[in-house]
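Chemist: coords_24.csv is reproduced in full below (CSV, C-alpha atoms).
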```
chain,number,residue,atom,x,y,z
A,1,MET,CA,73.6,103.5,105.6
A,2,SER,CA,76.3,102.1,103.3
A,3,ALA,CA,79.4,100.4,104.6
A,4,ARG,CA,81.5,103.4,103.7
A,5,ASP,CA,79.2,105.7,105.8
A,6,SER,CA,80.1,103.6,108.8
A,7,ASP,CA,83.9,103.9,108.2
A,8,SER,CA,85.9,106.2,110.4
A,9,PRO,CA,87.1,109.5,109.0
A,10,VAL,CA,90.6,108.1,108.6
A,11,GLN,CA,89.3,105.0,106.8
A,12,ARG,CA,87.3,107.2,104.4
A,13,TRP,CA,90.3,109.4,103.7
A,14,ARG,CA,92.5,106.4,103.1
A,15,ALA,CA,89.9,104.9,100.7
A,16,ALA,CA,90.3,107.9,98.4
A,17,ALA,CA,93.8,106.7,97.5
A,18,PRO,CA,93.5,102.9,97.1
A,19,TRP,CA,96.6,102.9,94.9
A,20,LEU,CA,98.9,103.8,97.9
A,21,PRO,CA,100.5,100.6,99.3
A,22,ALA,CA,99.4,99.7,102.8
A,23,LEU,CA,101.7,100.3,105.7
A,24,ASP,CA,102.6,98.1,108.7
A,25,SER,CA,100.8,98.5,112.0
A,26,SER,CA,102.9,101.3,113.6
A,27,ALA,CA,103.5,103.2,110.4
A,28,ALA,CA,99.8,103.0,109.6
A,29,THR,CA,99.0,104.4,113.0
A,30,ALA,CA,101.5,107.2,112.5
A,31,GLU,CA,100.0,108.0,109.1
A,32,ALA,CA,96.5,107.9,110.5
A,33,LEU,CA,97.5,110.4,113.3
A,34,LEU,CA,99.0,112.7,110.6
A,35,LEU,CA,95.8,112.5,108.6
A,36,ALA,CA,93.8,113.4,111.7
A,37,LEU,CA,96.2,116.2,112.5
A,38,HIS,CA,96.0,117.6,109.0
A,39,TYR,CA,92.2,117.6,108.9
A,40,SER,CA,92.2,119.2,112.4
A,41,VAL,CA,94.3,122.2,111.5
A,42,ASN,CA,92.6,125.6,111.6
A,43,PHE,CA,93.4,127.0,108.1
A,44,ASP,CA,91.4,130.1,109.0
A,45,GLY,CA,94.2,131.0,111.5
A,46,TRP,CA,97.9,131.8,111.0
A,47,ILE,CA,98.6,128.6,108.9
A,48,GLY,CA,96.1,129.8,106.2
A,49,HIS,CA,98.4,132.7,105.4
A,50,ARG,CA,101.3,130.3,105.0
A,51,ARG,CA,99.8,127.6,102.8
A,52,GLN,CA,102.6,127.7,100.3
A,53,VAL,CA,105.0,126.3,102.9
A,54,TYR,CA,102.6,124.2,104.9
A,55,TRP,CA,103.3,120.8,103.4
A,56,ASP,CA,107.1,121.2,102.8
A,57,LYS,CA,108.2,123.2,105.9
A,58,ILE,CA,105.6,123.9,108.6
A,59,LEU,CA,103.9,120.4,108.9
A,60,PRO,CA,107.1,118.3,108.8
A,61,SER,CA,109.0,120.5,111.1
A,62,ARG,CA,106.3,120.7,113.7
A,63,ILE,CA,105.8,116.9,113.6
A,64,ARG,CA,109.5,116.2,114.1
A,65,ARG,CA,110.0,118.9,116.7
A,66,SER,CA,107.2,117.5,118.8
A,67,THR,CA,108.8,114.1,118.8
A,68,TYR,CA,111.9,115.6,120.4
A,69,ARG,CA,110.0,117.7,122.9
A,70,THR,CA,107.8,114.9,124.2
A,71,ASN,CA,108.2,111.3,125.3
A,72,THR,CA,104.7,109.9,125.0
A,73,LEU,CA,102.2,109.7,122.1
A,74,ASP,CA,99.6,111.6,124.1
A,75,TRP,CA,102.0,114.4,124.9
A,76,TRP,CA,103.2,114.5,121.2
A,77,TRP,CA,99.6,114.9,120.1
A,78,SER,CA,98.9,117.7,122.5
A,79,ASP,CA,102.2,119.5,121.6
A,80,VAL,CA,101.8,119.2,117.8
A,81,CYS,CA,98.1,120.3,118.0
A,82,ALA,CA,99.0,123.3,120.0
A,83,SER,CA,101.9,124.3,117.7
A,84,LEU,CA,99.6,124.0,114.6
A,85,ASP,CA,96.4,125.4,116.0
A,86,ALA,CA,94.7,122.0,115.5
A,87,GLU,CA,91.7,120.4,117.1
A,88,PRO,CA,89.6,117.5,115.8
A,89,GLY,CA,86.3,119.0,114.9
A,90,SER,CA,84.0,116.0,114.9
A,91,ARG,CA,83.1,113.3,117.4
A,92,ALA,CA,84.1,110.7,114.9
A,93,LEU,CA,87.5,112.2,114.4
A,94,ARG,CA,88.0,112.6,118.1
A,95,ARG,CA,87.1,108.9,118.6
A,96,ASP,CA,89.6,108.0,115.8
A,97,VAL,CA,92.4,109.9,117.6
A,98,ALA,CA,91.6,108.5,121.0
A,99,GLU,CA,91.8,105.0,119.5
A,100,LEU,CA,94.9,105.7,117.6
A,101,LEU,CA,96.7,107.0,120.6
A,102,ARG,CA,96.2,103.5,122.2
A,103,ALA,CA,96.3,101.3,119.1
A,104,THR,CA,99.9,100.1,119.0
A,105,ASP,CA,103.3,100.4,120.5
A,106,ALA,CA,103.6,104.2,121.2
A,107,ARG,CA,107.4,104.2,121.3
A,108,GLU,CA,107.5,102.6,117.8
A,109,VAL,CA,105.0,105.1,116.5
A,110,MET,CA,107.0,108.0,118.0
A,111,ASP,CA,110.2,106.6,116.4
A,112,ILE,CA,108.5,106.4,113.0
A,113,LEU,CA,107.1,109.9,113.3
A,114,ARG,CA,110.7,111.1,114.1
A,115,ARG,CA,112.5,109.2,111.4
A,116,GLU,CA,109.9,109.0,108.6
A,117,HIS,CA,107.9,112.2,109.0
A,118,VAL,CA,108.8,113.5,105.5
A,119,ALA,CA,107.6,110.3,103.7
A,120,LEU,CA,104.5,110.2,105.9
A,121,VAL,CA,103.7,113.8,105.1
A,122,LEU,CA,104.0,113.0,101.4
A,123,ARG,CA,101.5,110.1,101.8
A,124,VAL,CA,99.1,112.4,103.7
A,125,ARG,CA,99.4,115.0,101.0
A,126,LEU,CA,98.6,112.5,98.3
A,127,ILE,CA,95.6,111.3,100.3
A,128,ALA,CA,94.4,114.8,100.9
A,129,ASP,CA,94.8,115.6,97.2
A,130,ALA,CA,92.8,112.4,96.3
A,131,VAL,CA,90.1,113.4,98.9
A,132,ARG,CA,89.8,116.9,97.4
A,133,GLU,CA,89.6,115.5,93.8
A,134,SER,CA,86.9,113.0,94.8
A,135,LYS,CA,84.9,115.8,96.4
A,136,THR,CA,85.3,117.9,93.3
A,137,LYS,CA,84.1,115.1,91.1
A,138,VAL,CA,81.0,114.6,93.3
A,139,GLN,CA,80.2,118.4,93.3
A,140,THR,CA,80.7,118.5,89.5
A,141,LYS,CA,78.4,115.5,89.0
A,142,GLU,CA,75.7,117.1,91.3
A,143,ALA,CA,75.9,120.4,89.5
A,144,SER,CA,75.4,118.7,86.1
A,145,ILE,CA,72.4,116.8,87.5
A,146,ASP,CA,70.9,120.1,88.8
A,147,ALA,CA,71.4,121.9,85.5
```
Take the structure from the file and write it as structure tokens.
Modeler:
Amino acid sequence: MSARDSDSPVQRWRAAAPWLPALDSSAATAEALLLALHYSVNFDGWIGHRRQVYWDKILPSRIRRSTYRTNTLDWWWSDVCASLDAEPGSRALRRDVAELLRATDAREVMDILRREHVALVLRVRLIADAVRESKTKVQTKEASIDA
């Protein structure tokens, strides 16, 4: 098993965009929670029919709304997941989320999610694009080897 195989899902996703500058502890936790949230969304459900507005409207508004409806990070996670039909699908991702919900000062993370959600969504979108591009490159390489 390579070192990358032992990384958590969030670490692997972040590694796909090494050109993004690192964030401080609480902002990094907020970003990691948003990565976990994005990769937990059920795109086969109602959001799949609204993909054109997911990044610019749905995701940012649900993140922010949940920060005003709740007062703990655990409650925020539950609320935002319910509003987006999201559930971490793997044991590794569930472990990541459980650790992130306890990793740093929850109040500071909530404040960052409330104030900086648009910038964080932009970072998550860039990371998701980089992850998708890296998967496409691997699939293309595998297809050329099989040919």
Chemist: Pick out the residues sitting within 10 Å of stretch 11-26 of chain A, and hand them over as number ranges by chain; count only C-alpha atoms, and ignore anything fewer than 3 positions along from it in its own chain.
Modeler: A: 4-8, 29-32, 35-36, 39, 96, 100, 103-113, 123-124, 126-135
Chemist: Would you work out the distance separating atom CA of A:Ser61 from atom CA of A:His38, expressed in Å to one decimal?
Modeler: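 Calculated distance between atom CA of A:Ser61 and atom CA of A:His38 is 13.5 Å.
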Chemist: Select all residues near (93.4, 119.2, 117.4) (cut-off 9 Å, inclusive, file coordinates), counting all atoms listed in the file, and output them as a count of residues only.
Modeler: 19
Chemist: I'd like the interatomic distance between atom CA of A:Ala98 and atom CA of A:Tyr54, to a tenth of an Å.
Modeler: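 Distance between the two atoms: 25.0 Å.
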Chemist: For the atom pair atom CA of A:Thr136 and atom CA of A:Trp46, what is the interatomic distance in Å to one decimal place?
Modeler: 25.8 Å
Chemist: For A:Arg69, work out the shell of residues within 9 Å, counting all atoms listed in the file and skipping chain neighbours fewer than 6 positions away, then give it as number ranges by chain.
Modeler: A: 75-76, 79
Chemist: With distances taken over only C-alpha atoms, which of A:Ala28, A:Thr70, A:Phe43, A:Lys57 is nearest to A:Arg114?
Modeler: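 Going through A:Ala28, A:Thr70, A:Phe43, A:Lys57 one by one, the smallest distance to A:Arg114 is for A:Thr70.
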